[in-house]
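Asks: So that you have it, the file is target18.txt, and it contains compact mmCIF, C-alpha atoms:
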```txt
# COMPACT_ATOMS: atom_id res chain seq x y z
CA MET A 1 45.29 73.25 9.58
CA PHE A 2 45.26 72.33 5.89
CA GLY A 3 48.44 70.27 5.69
CA GLY A 4 47.75 67.82 8.57
CA LEU A 5 46.41 64.25 8.23
CA ALA A 6 42.79 63.88 9.13
CA THR A 7 41.58 60.77 10.97
CA ILE A 8 38.34 59.46 9.52
CA SER A 9 36.17 56.97 11.32
CA ASN A 10 35.01 53.80 9.67
CA ASN A 11 31.44 54.91 10.22
CA SER A 12 32.02 58.31 8.64
CA PRO A 13 29.49 59.28 5.99
CA ILE A 14 32.41 60.06 3.68
CA LEU A 15 33.18 56.34 3.40
CA ARG A 16 29.56 55.23 3.06
CA ARG A 17 27.14 55.21 0.20
CA ILE A 18 23.55 56.01 0.78
CA SER A 19 21.77 53.02 2.44
CA SER A 20 24.85 50.83 2.11
CA ARG A 21 27.19 49.03 4.47
CA PRO A 22 30.54 50.55 5.58
CA VAL A 23 33.47 50.16 3.25
CA VAL A 24 35.42 46.99 4.07
CA PHE A 25 39.13 47.49 4.34
CA ASP A 26 41.74 45.08 3.03
CA GLN A 27 42.29 43.38 6.38
CA GLU A 28 38.61 42.63 6.87
CA LEU A 29 38.32 41.45 3.26
CA ASN A 30 41.19 39.01 3.77
CA GLU A 31 39.51 37.66 6.91
CA MET A 32 36.33 37.01 4.96
CA LYS A 33 38.23 35.19 2.23
CA SER A 34 40.04 33.01 4.77
CA GLY A 35 36.77 32.14 6.50
CA SER A 36 37.75 33.50 9.91
CA LEU A 37 34.68 35.73 10.11
CA PRO A 38 31.45 34.02 11.17
CA ILE A 39 28.79 33.60 8.50
CA GLY A 40 25.18 34.14 9.43
CA PRO A 41 22.64 31.28 9.32
CA ALA A 42 20.95 30.52 5.99
CA ILE A 43 17.42 31.73 5.67
CA MET A 44 15.09 28.69 5.46
CA PRO A 45 11.32 28.72 5.07
CA SER A 46 9.33 27.56 8.05
CA PRO A 47 8.09 23.93 8.14
CA ILE A 48 4.48 25.11 8.21
CA LEU A 49 5.04 27.12 5.02
CA LEU A 50 6.65 24.13 3.32
CA TRP A 51 3.78 21.89 4.41
CA ARG A 52 1.18 24.31 3.05
CA PHE A 53 3.08 24.55 -0.21
CA LYS A 54 3.18 20.76 -0.55
CA VAL A 55 -0.53 20.50 0.19
CA LEU A 56 -1.24 23.16 -2.43
CA LEU A 57 0.80 21.29 -5.04
CA PHE A 58 -0.97 18.04 -4.12
CA LEU A 59 -4.40 19.63 -4.50
CA ILE A 60 -3.44 21.15 -7.85
CA TRP A 61 -2.16 17.77 -9.01
CA GLY A 62 -5.32 15.98 -7.84
CA PHE A 63 -7.61 18.49 -9.53
CA SER A 64 -5.61 18.26 -12.77
CA CYS A 65 -5.80 14.45 -12.80
CA CYS A 66 -9.55 14.47 -12.16
CA LYS A 67 -10.17 17.12 -14.84
CA ILE A 68 -8.03 15.41 -17.50
CA SER A 69 -9.52 11.98 -16.72
CA TRP A 70 -13.10 13.28 -16.88
CA ASP A 71 -12.55 15.08 -20.16
CA SER A 72 -10.84 11.99 -21.62
CA VAL A 73 -13.70 9.68 -20.66
CA MET A 74 -16.31 12.08 -22.04
CA ARG A 75 -14.56 12.06 -25.44
CA MET A 76 -15.34 8.35 -25.89
CA SER A 77 -18.52 6.95 -27.35
CA ALA A 78 -21.09 5.57 -24.94
CA ASP A 79 -20.81 1.95 -26.14
CA LEU A 80 -17.01 1.92 -25.80
CA ARG A 81 -16.90 3.80 -22.53
CA ASP A 82 -18.08 0.98 -20.26
CA LEU A 83 -15.67 -1.61 -21.66
CA PHE A 84 -12.78 0.81 -21.55
CA LEU A 85 -13.48 1.90 -17.98
CA TYR A 86 -13.68 -1.74 -16.90
CA GLU A 87 -10.30 -2.42 -18.46
CA ALA A 88 -8.73 0.69 -16.93
CA PHE A 89 -10.23 -0.28 -13.58
CA LEU A 90 -8.69 -3.75 -13.90
CA TYR A 91 -5.17 -2.44 -14.52
CA PHE A 92 -5.01 0.25 -11.87
CA ASN A 93 -7.46 -0.91 -9.20
CA PRO A 94 -5.06 -3.50 -7.66
CA LEU A 95 -2.29 -0.96 -7.18
CA LEU A 96 -4.74 1.63 -5.86
CA LEU A 97 -5.97 -0.87 -3.27
CA VAL A 98 -2.40 -1.71 -2.32
CA THR A 99 -1.77 2.02 -1.92
CA MET A 100 -4.75 2.30 0.40
CA MET A 101 -3.48 -0.69 2.37
CA VAL A 102 -0.09 1.01 2.82
CA TRP A 103 -1.82 4.17 4.07
CA LEU A 104 -3.83 2.15 6.59
CA TRP A 105 -0.74 0.24 7.67
CA GLY A 106 0.84 3.59 8.47
CA VAL A 107 -2.26 4.42 10.52
CA ASN A 108 -1.80 1.12 12.36
CA LEU A 109 1.80 1.93 13.23
CA TRP A 110 0.79 5.42 14.32
CA VAL A 111 -1.82 3.97 16.68
CA PHE A 112 0.74 1.52 18.03
CA ALA A 113 3.18 4.42 18.52
CA GLN A 114 0.57 6.28 20.59
CA SER A 115 0.17 3.28 22.87
CA THR A 116 2.63 1.04 24.70
CA VAL A 117 2.16 -1.93 22.37
CA SER A 118 5.63 -3.18 21.50
CA TYR A 119 4.85 -4.10 17.92
CA THR A 120 8.55 -4.35 17.02
CA LYS A 121 8.88 -7.39 19.26
CA VAL A 122 5.56 -8.83 18.11
CA PHE A 123 6.53 -8.61 14.43
CA ASP A 124 10.15 -9.56 15.15
CA LEU A 125 11.49 -6.33 13.64
CA ASP A 126 14.92 -4.82 14.11
CA GLN A 127 15.63 -1.29 15.26
CA ASN A 128 15.82 -0.01 11.67
CA HIS A 129 12.21 -0.81 10.83
CA LEU A 130 10.08 1.74 9.01
CA THR A 131 8.13 4.18 11.12
CA HIS A 132 4.64 5.40 10.34
CA ASN A 133 6.06 8.58 8.81
CA GLU A 134 8.22 6.56 6.42
CA ILE A 135 5.28 4.32 5.57
CA TRP A 136 3.18 7.38 4.79
CA LYS A 137 5.99 8.74 2.63
CA CYS A 138 5.91 5.55 0.54
CA ALA A 139 2.12 5.73 0.36
CA THR A 140 2.31 9.35 -0.79
CA TRP A 141 4.58 8.45 -3.69
CA MET A 142 2.30 5.54 -4.60
CA THR A 143 -0.69 7.90 -4.45
CA ILE A 144 1.03 10.23 -6.91
CA VAL A 145 2.48 7.69 -9.34
CA VAL A 146 -0.48 5.32 -9.81
CA PRO A 147 -3.20 7.95 -10.54
CA THR A 148 -0.77 9.85 -12.79
CA SER A 149 -0.21 6.70 -14.85
CA MET A 150 -3.96 6.07 -15.00
CA THR A 151 -4.60 9.65 -16.13
CA SER A 152 -1.99 9.29 -18.86
CA TYR A 153 -3.63 6.04 -19.96
CA LEU A 154 -7.05 7.64 -20.23
CA TYR A 155 -5.76 10.75 -21.98
CA LEU A 156 -3.63 8.92 -24.56
CA TYR A 157 -6.32 6.38 -25.40
CA SER A 158 -9.04 9.00 -25.82
CA HIS A 159 -6.79 10.98 -28.18
CA GLY A 160 -6.04 8.00 -30.42
CA GLU A 161 -2.54 7.17 -29.11
CA VAL A 162 -3.41 3.53 -28.42
CA SER A 163 0.14 2.18 -28.43
CA LEU A 164 1.36 4.85 -26.02
CA ALA A 165 -1.69 4.28 -23.82
CA ALA A 166 -0.99 0.55 -23.71
CA SER A 167 2.54 1.23 -22.51
CA GLN A 168 1.40 3.09 -19.37
CA PRO A 169 0.28 0.10 -17.23
CA VAL A 170 3.19 -1.97 -18.57
CA LEU A 171 5.71 0.64 -17.47
CA LEU A 172 3.96 1.04 -14.13
CA TYR A 173 3.99 -2.68 -13.32
CA ALA A 174 7.59 -3.03 -14.53
CA ALA A 175 8.66 -0.11 -12.33
CA VAL A 176 7.01 -1.65 -9.27
CA ALA A 177 8.66 -5.03 -9.90
CA MET A 178 12.08 -3.45 -10.47
CA LEU A 179 11.74 -1.32 -7.35
CA LEU A 180 11.04 -4.38 -5.20
CA ILE A 181 14.10 -6.31 -6.40
CA PHE A 182 16.45 -3.35 -6.90
CA PRO A 183 19.70 -4.48 -5.22
CA PHE A 184 21.11 -1.05 -4.35
CA ASP A 185 20.71 0.62 -0.98
CA ILE A 186 18.01 3.10 -1.90
CA PHE A 187 14.33 3.27 -1.02
CA TYR A 188 14.55 1.14 2.12
CA LEU A 189 16.55 -1.84 0.85
CA SER A 190 16.42 -3.83 4.09
CA SER A 191 12.63 -3.43 4.39
CA ARG A 192 12.06 -4.42 0.77
CA TYR A 193 14.15 -7.54 1.13
CA TYR A 194 12.49 -8.35 4.45
CA LEU A 195 9.14 -8.33 2.64
CA LEU A 196 10.48 -10.52 -0.15
CA ARG A 197 11.93 -13.01 2.32
CA THR A 198 8.60 -13.12 4.15
CA LEU A 199 6.73 -13.81 0.90
CA TRP A 200 9.20 -16.58 0.09
CA ARG A 201 8.66 -18.20 3.50
CA ILE A 202 4.91 -17.99 2.94
CA LEU A 203 5.14 -19.80 -0.40
CA LEU A 204 7.44 -22.47 1.06
CA PRO A 205 6.63 -22.94 4.77
CA LEU A 206 9.52 -25.32 5.38
CA GLN A 207 10.66 -23.60 8.57
CA ALA A 208 9.03 -22.57 11.82
CA ILE A 209 6.22 -20.07 11.26
CA THR A 210 6.88 -16.64 12.72
CA PHE A 211 4.28 -14.03 13.56
CA SER A 212 5.12 -11.93 10.51
CA ASP A 213 4.77 -15.01 8.27
CA PHE A 214 1.20 -15.81 9.16
CA PHE A 215 0.27 -12.13 9.58
CA VAL A 216 1.28 -11.28 6.00
CA ALA A 217 -0.32 -14.51 4.76
CA ASP A 218 -3.54 -13.53 6.52
CA ILE A 219 -3.41 -10.16 4.75
CA LEU A 220 -2.96 -11.95 1.41
CA THR A 221 -6.14 -13.98 2.01
CA SER A 222 -8.01 -10.69 2.30
CA MET A 223 -6.35 -9.51 -0.93
CA ALA A 224 -7.16 -12.61 -2.99
CA LYS A 225 -9.26 -10.58 -5.44
CA VAL A 226 -6.44 -8.06 -5.81
CA LEU A 227 -4.03 -10.90 -6.66
CA SER A 228 -6.53 -12.23 -9.20
CA ASP A 229 -6.76 -8.82 -10.89
CA LEU A 230 -2.97 -8.62 -10.94
CA GLU A 231 -2.86 -11.97 -12.72
CA ARG A 232 -5.39 -10.81 -15.30
CA SER A 233 -3.48 -7.60 -15.89
CA ALA A 234 -0.14 -9.38 -16.24
CA CYS A 235 -1.71 -11.92 -18.62
CA ARG A 236 -3.03 -9.21 -20.91
CA MET A 237 0.31 -7.43 -20.88
CA VAL A 238 2.16 -10.61 -21.82
CA HIS A 239 -0.30 -11.43 -24.63
CA ARG A 240 -0.41 -7.78 -25.83
CA GLN A 241 -4.10 -7.31 -25.13
CA VAL A 242 -3.78 -3.98 -23.29
CA ALA A 243 -6.05 -1.22 -24.67
CA THR A 244 -7.97 -3.80 -26.75
CA ILE A 245 -11.12 -5.84 -26.28
CA ALA A 246 -9.53 -9.15 -27.29
CA TRP A 247 -9.83 -10.32 -23.68
CA PHE A 248 -13.64 -10.02 -24.01
CA GLU A 249 -13.80 -12.94 -26.44
CA ALA A 250 -14.96 -16.27 -25.06
CA ASP A 251 -11.81 -18.16 -26.07
CA SER A 252 -9.42 -15.51 -24.78
CA VAL A 253 -6.58 -16.89 -22.70
CA CYS A 254 -6.93 -13.93 -20.32
CA GLY A 255 -10.74 -13.96 -20.01
CA SER A 256 -12.97 -15.28 -17.26
CA HIS A 257 -12.45 -18.82 -18.58
CA SER A 258 -8.77 -18.81 -17.64
CA ILE A 259 -7.81 -21.59 -15.24
CA ALA A 260 -5.15 -19.33 -13.75
CA ILE A 261 -7.79 -17.17 -12.04
CA PRO A 262 -9.01 -19.78 -9.51
CA LEU A 263 -5.42 -20.95 -8.97
CA VAL A 264 -4.34 -17.45 -7.97
CA LEU A 265 -7.44 -16.98 -5.82
CA VAL A 266 -6.82 -20.19 -3.91
CA LEU A 267 -3.08 -19.66 -3.44
CA PRO A 268 -3.26 -17.49 -0.25
CA TYR A 269 -5.65 -19.95 1.40
CA MET A 270 -3.42 -22.88 0.51
CA CYS A 271 -0.44 -21.06 2.00
CA ARG A 272 -2.29 -20.48 5.26
CA PHE A 273 -3.50 -24.08 5.22
CA PHE A 274 0.06 -25.44 5.02
CA GLN A 275 1.24 -22.90 7.61
CA CYS A 276 -1.32 -24.27 10.05
CA LEU A 277 -0.15 -27.81 9.38
CA ARG A 278 3.42 -26.70 9.96
CA GLN A 279 2.42 -25.07 13.25
CA TYR A 280 0.73 -28.30 14.33
CA LYS A 281 3.93 -30.20 13.54
CA ASP A 282 5.99 -27.78 15.64
CA THR A 283 3.63 -27.19 18.56
CA GLY A 284 1.19 -30.12 18.57
CA GLU A 285 -1.75 -27.80 19.28
CA LYS A 286 -5.02 -29.16 17.87
CA THR A 287 -6.45 -25.68 17.42
CA THR A 288 -4.09 -25.20 14.47
CA LEU A 289 -5.81 -28.12 12.74
CA PHE A 290 -9.20 -26.47 13.18
CA ASN A 291 -7.69 -23.26 11.82
CA ALA A 292 -6.42 -25.22 8.80
CA LEU A 293 -9.93 -26.59 8.33
CA LYS A 294 -11.24 -23.02 8.17
CA TYR A 295 -8.96 -22.16 5.26
CA SER A 296 -9.72 -25.45 3.51
CA THR A 297 -13.43 -24.56 3.36
CA ALA A 298 -12.58 -21.70 0.98
CA ILE A 299 -11.16 -24.06 -1.65
CA PRO A 300 -14.51 -25.59 -2.80
CA VAL A 301 -16.05 -22.12 -3.02
CA ILE A 302 -13.37 -20.92 -5.43
CA PHE A 303 -13.27 -23.94 -7.72
CA LEU A 304 -17.05 -24.43 -7.84
CA SER A 305 -17.38 -20.78 -8.78
CA ALA A 306 -14.87 -21.29 -11.59
CA LEU A 307 -16.91 -24.21 -12.98
CA LYS A 308 -19.55 -21.74 -14.10
CA TYR A 309 -17.41 -20.92 -17.14
CA HIS A 310 -16.59 -24.55 -18.00
CA VAL A 311 -19.93 -26.42 -17.80
CA PHE A 312 -23.26 -26.14 -19.56
CA PRO A 313 -25.70 -23.62 -18.06
CA ASP A 314 -28.28 -26.25 -17.05
CA ARG A 315 -25.68 -28.33 -15.20
CA TRP A 316 -24.45 -25.23 -13.42
CA THR A 317 -27.99 -24.26 -12.36
CA ASN A 318 -29.12 -27.73 -11.26
CA ILE A 319 -25.94 -29.25 -9.80
CA TYR A 320 -22.99 -26.97 -9.20
CA ARG A 321 -24.74 -23.80 -8.18
CA PRO A 322 -26.47 -25.40 -5.13
CA LEU A 323 -23.14 -26.94 -4.13
CA TRP A 324 -21.46 -23.58 -4.52
CA LEU A 325 -24.09 -21.91 -2.31
CA LEU A 326 -23.75 -24.63 0.32
CA SER A 327 -19.97 -24.38 0.41
CA SER A 328 -20.20 -20.58 0.62
CA VAL A 329 -22.53 -20.76 3.63
CA VAL A 330 -20.27 -23.28 5.38
CA ASN A 331 -17.16 -21.17 4.74
CA SER A 332 -18.82 -17.94 5.88
CA LEU A 333 -20.26 -19.41 9.09
CA TYR A 334 -17.06 -21.21 10.02
CA SER A 335 -14.91 -18.14 9.35
CA PHE A 336 -17.26 -15.91 11.32
CA TYR A 337 -17.28 -18.30 14.28
CA TRP A 338 -13.50 -18.63 14.25
CA ASP A 339 -12.89 -14.89 14.00
CA VAL A 340 -15.21 -14.15 16.92
CA THR A 341 -14.09 -16.91 19.25
CA ARG A 342 -10.40 -17.22 18.36
CA ASP A 343 -8.98 -14.21 16.51
CA TRP A 344 -10.80 -11.36 18.20
CA ASP A 345 -9.75 -12.36 21.71
CA LEU A 346 -6.29 -10.96 21.00
CA SER A 347 -7.90 -7.76 19.74
CA PHE A 348 -9.88 -7.29 22.93
CA LEU A 349 -6.84 -8.02 25.10
CA LEU A 350 -4.82 -5.39 23.25
CA CYS A 351 -7.75 -2.99 23.56
CA LEU A 352 -7.93 -3.47 27.32
CA GLN A 353 -4.16 -3.06 27.59
CA PHE A 354 -4.32 0.14 25.55
CA LEU A 355 -7.17 1.60 27.61
CA SER A 356 -5.46 0.73 30.88
CA ASP A 357 -2.30 2.52 29.75
CA ILE A 358 -4.36 5.53 28.75
CA TYR A 359 -6.05 5.65 32.15
CA VAL A 360 -2.70 5.59 33.95
CA GLN A 361 -1.00 8.14 31.69
CA GLU A 362 -3.96 10.48 31.16
CA PRO A 363 -6.19 10.73 34.23
CA LYS A 364 -8.51 13.15 32.44
CA PHE A 365 -9.30 10.37 29.95
CA ASP A 366 -9.04 12.10 26.59
CA LEU A 367 -11.33 10.61 23.94
CA LYS A 368 -8.77 10.84 21.12
CA PRO A 369 -6.79 7.71 22.16
CA VAL A 370 -10.07 5.82 22.56
CA ALA A 371 -10.99 6.77 19.00
CA CYS A 372 -7.57 5.53 17.88
CA THR A 373 -8.21 2.20 19.57
CA ALA A 374 -11.61 1.88 17.94
CA MET A 375 -10.08 2.67 14.56
CA ALA A 376 -7.40 0.06 15.17
CA LEU A 377 -9.98 -2.60 15.93
CA ILE A 378 -12.15 -1.68 12.97
CA LEU A 379 -9.21 -1.88 10.59
CA GLY A 380 -8.15 -5.22 12.01
CA ILE A 381 -4.89 -3.97 13.47
CA SER A 382 -4.71 -6.41 16.32
CA LYS A 383 -5.71 -9.45 14.32
```
Will you turn the file into structure tokens for me?

Replies:
Amino acid sequence: MFGGLATISNNSPILRRISSRPVVFDQELNEMKSGSLPIGPAIMPSPILLWRFKVLLFLIWGFSCCKISWDSVMRMSADLRDLFLYEAFLYFNPLLLVTMMVWLWGVNLWVFAQSTVSYTKVFDLDQNHLTHNEIWKCATWMTIVVPTSMTSYLYLYSHGEVSLAASQPVLLYAAVAMLLIFPFDIFYLSSRYYLLRTLWRILLPLQAITFSDFFVADILTSMAKVLSDLERSACRMVHRQVATIAWFEADSVCGSHSIAIPLVLVLPYMCRFFQCLRQYKDTGEKTTLFNALKYSTAIPVIFLSALKYHVFPDRWTNIYRPLWLLSSVVNSLYSFYWDVTRDWDLSFLLCLQFLSDIYVQEPKFDLKPVACTAMALILGISK
């Protein structure tokens, strides 16, 4: 009775602590060390929770940038505020517009993905092209980096740290340039180099013009003012005029009198002009010559506008200003006629194709895809 060996179960309360697991014997411990026992799945937060957390951080960041920027601007005197805001707008507005363009390009790809439009074949893309989610990821980072740099610029300048404030746009532009040419396989290397090769073919249209060549060149004509602001910003950075008002002087090399401004403005139109001539050489279609004529009508508008800063006021008012108005009217009417009769026909064909696919796939005719099509046409997706 007292001298026998008692058999105790593993689940006996003698071998357990209060609210604890059973005692693990040596054999089970060895199995755990050797990895023979299965390990339970790691506890991960739900995607919805992660998404809400990211949105909360984004809202906090946006509110902080707006609050710091507003307080920094209010610290300045009224006479200095306008000039300073114009300069800050000049440095960061081009990149903000490019960021918006990237967001809208992601919307374009999303609309294409909802339809049956094979945009990969149209743009001559490989299977590793960026999707709309990846485009939006790039746009998100651009949305964070550019306003953060602008907020730092405003804060540092308003608190007297002029040299540190001047370094903010310089570092931002340098980072963008380095990211585009970075040779290592990070941040979508193939897509970055595809864009650079396309820009090179646009500048030197010595080969047959592909769809992506003239499509990107057409986008650049719409971004001529952005390119001009980039040139002004780069000029002031090179000549160390950031966070100063030296550019406001009449003889400033980076002011409105700079000859580089009309040259940069006219560059996208000249590229499209030579692309049209190259297309005529390859195809022999006379419509490409009329398209080249459309882009050539923008050249007098740009250079006559630049003469305002290089001639006497009376000569500008009596001679060059009427010529500038006439050339502007001719360019606007010709471009409007060409867009309606030539460019928009492709848009309407794609719209009809999209709607026909919707009718076949969704007999109930949901209005959401129709709204996507309308958005695509408004944004110039099918152009």

Asks: Residues proximal to (-10.9, -22.8, 1.6) were defined as those with any atom within 10 Å of that point in the file's coordinates, counting all atoms listed in the file. Which are they, as a PyMOL selection string?

Replies: chain A and resi 266-270+272-273+292-303+327-328+331+335

Asks: Calculate how many Å separate atom CA of A:Val264 from atom CA of A:Arg342, rounding to one decimal.

Replies: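 Spanning atom CA of A:Val264 to atom CA of A:Arg342 is a straight-line distance of 27.0 Å.
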
Asks: Let me make sure I understand: among A:Ala166, A:Tyr194, A:Pro45, A:Phe211, which one has the smallest atom-to-atom distance to A:Lys121 if we use all atoms listed in the file?

Replies: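 Among the listed residues, A:Phe211 lies closest to A:Lys121.
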
Asks: How far is it from atom CA of A:His257 to atom CA of A:Arg236, in Å with one decimal?

Replies: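 Spanning atom CA of A:His257 to atom CA of A:Arg236 is a straight-line distance of 13.7 Å.
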
Asks: Which residue gives the smallest distance to A:Leu195 among A:Ala165, A:Leu125, A:Leu265, A:Val253, with all atoms listed in the file counted?

Replies: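 For A:Leu195, the nearest of the candidates is A:Leu125.
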
Asks: Set the distance at 10 Å and use only C-alpha atoms: which residues neighbour A:Thr288 once local chain neighbours fewer than 6 positions away are removed? I'd like the list as a list in words.

Replies: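 Result of the neighbour search: Phe273, Gln275, Cys276, Leu277, Arg278, Gln279, Tyr280, Lys281 and Lys294 of chain A.
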
Asks: Have a look at atom CA of A:Ser228 and atom CA of A:Ser69 and let me know their distance in Å, one decimal.

Replies: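 Answer for the atom CA of A:Ser228 to atom CA of A:Ser69 separation: 25.5 Å.
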
Asks: Counting only C-alpha atoms, I want the residues whose atoms come within 10 Å of (-1.2, 13.2, -21.5) in the file frame, returned as a PDB file with C-alpha atoms, in the frame of the given file.

Replies:
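Resulting contents of result_8.pdb:
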```pdb
ATOM      1  CA  CYS A  65      -5.800  14.450 -12.800  1.00  0.00           C
ATOM      2  CA  ILE A  68      -8.030  15.410 -17.500  1.00  0.00           C
ATOM      3  CA  SER A  69      -9.520  11.980 -16.720  1.00  0.00           C
ATOM      4  CA  SER A  72     -10.840  11.990 -21.620  1.00  0.00           C
ATOM      5  CA  THR A 148      -0.770   9.850 -12.790  1.00  0.00           C
ATOM      6  CA  SER A 149      -0.210   6.700 -14.850  1.00  0.00           C
ATOM      7  CA  THR A 151      -4.600   9.650 -16.130  1.00  0.00           C
ATOM      8  CA  SER A 152      -1.990   9.290 -18.860  1.00  0.00           C
ATOM      9  CA  TYR A 153      -3.630   6.040 -19.960  1.00  0.00           C
ATOM     10  CA  LEU A 154      -7.050   7.640 -20.230  1.00  0.00           C
ATOM     11  CA  TYR A 155      -5.760  10.750 -21.980  1.00  0.00           C
ATOM     12  CA  LEU A 156      -3.630   8.920 -24.560  1.00  0.00           C
ATOM     13  CA  TYR A 157      -6.320   6.380 -25.400  1.00  0.00           C
ATOM     14  CA  SER A 158      -9.040   9.000 -25.820  1.00  0.00           C
ATOM     15  CA  HIS A 159      -6.790  10.980 -28.180  1.00  0.00           C
ATOM     16  CA  GLU A 161      -2.540   7.170 -29.110  1.00  0.00           C
ATOM     17  CA  LEU A 164       1.360   4.850 -26.020  1.00  0.00           C
ATOM     18  CA  ALA A 165      -1.690   4.280 -23.820  1.00  0.00           C
TER      19      ALA A 165
END
```

Asks: Identify which of the residues A:Val330, A:Leu289, A:Ile202, A:Leu172 lies closest to A:Leu220, counting all atoms listed in the file when measuring atom-to-atom distances.

Replies: A:Ile202

Asks: Which one of A:Ser258, A:Asn291, A:Ser190, A:Thr283 sits closest to A:Phe214 if you count all atoms listed in the file?

Replies: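 Result for the nearest residue to A:Phe214: A:Asn291.
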
Asks: Just the residues within 9 Å of A:Ile144, please, counting all atoms listed in the file, with nothing from its chain fewer than 4 positions along; format it as a count of residues only.

Replies: 7

Asks: Which of these residues is nearest to A:Phe123, using only C-alpha atoms: A:Pro147, A:Pro183, A:Trp136, A:Asp213?

Replies: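 Nearest candidate to A:Phe123 out of A:Pro147, A:Pro183, A:Trp136, A:Asp213: A:Asp213.
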
Asks: Of the candidates A:Ala260, A:Cys271, A:Leu95, A:Val146, which shows the shortest atom-to-atom distance to A:Pro205, using all atoms listed in the file?

Replies: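 Checking each candidate against A:Pro205, we get A:Cys271 as the closest.
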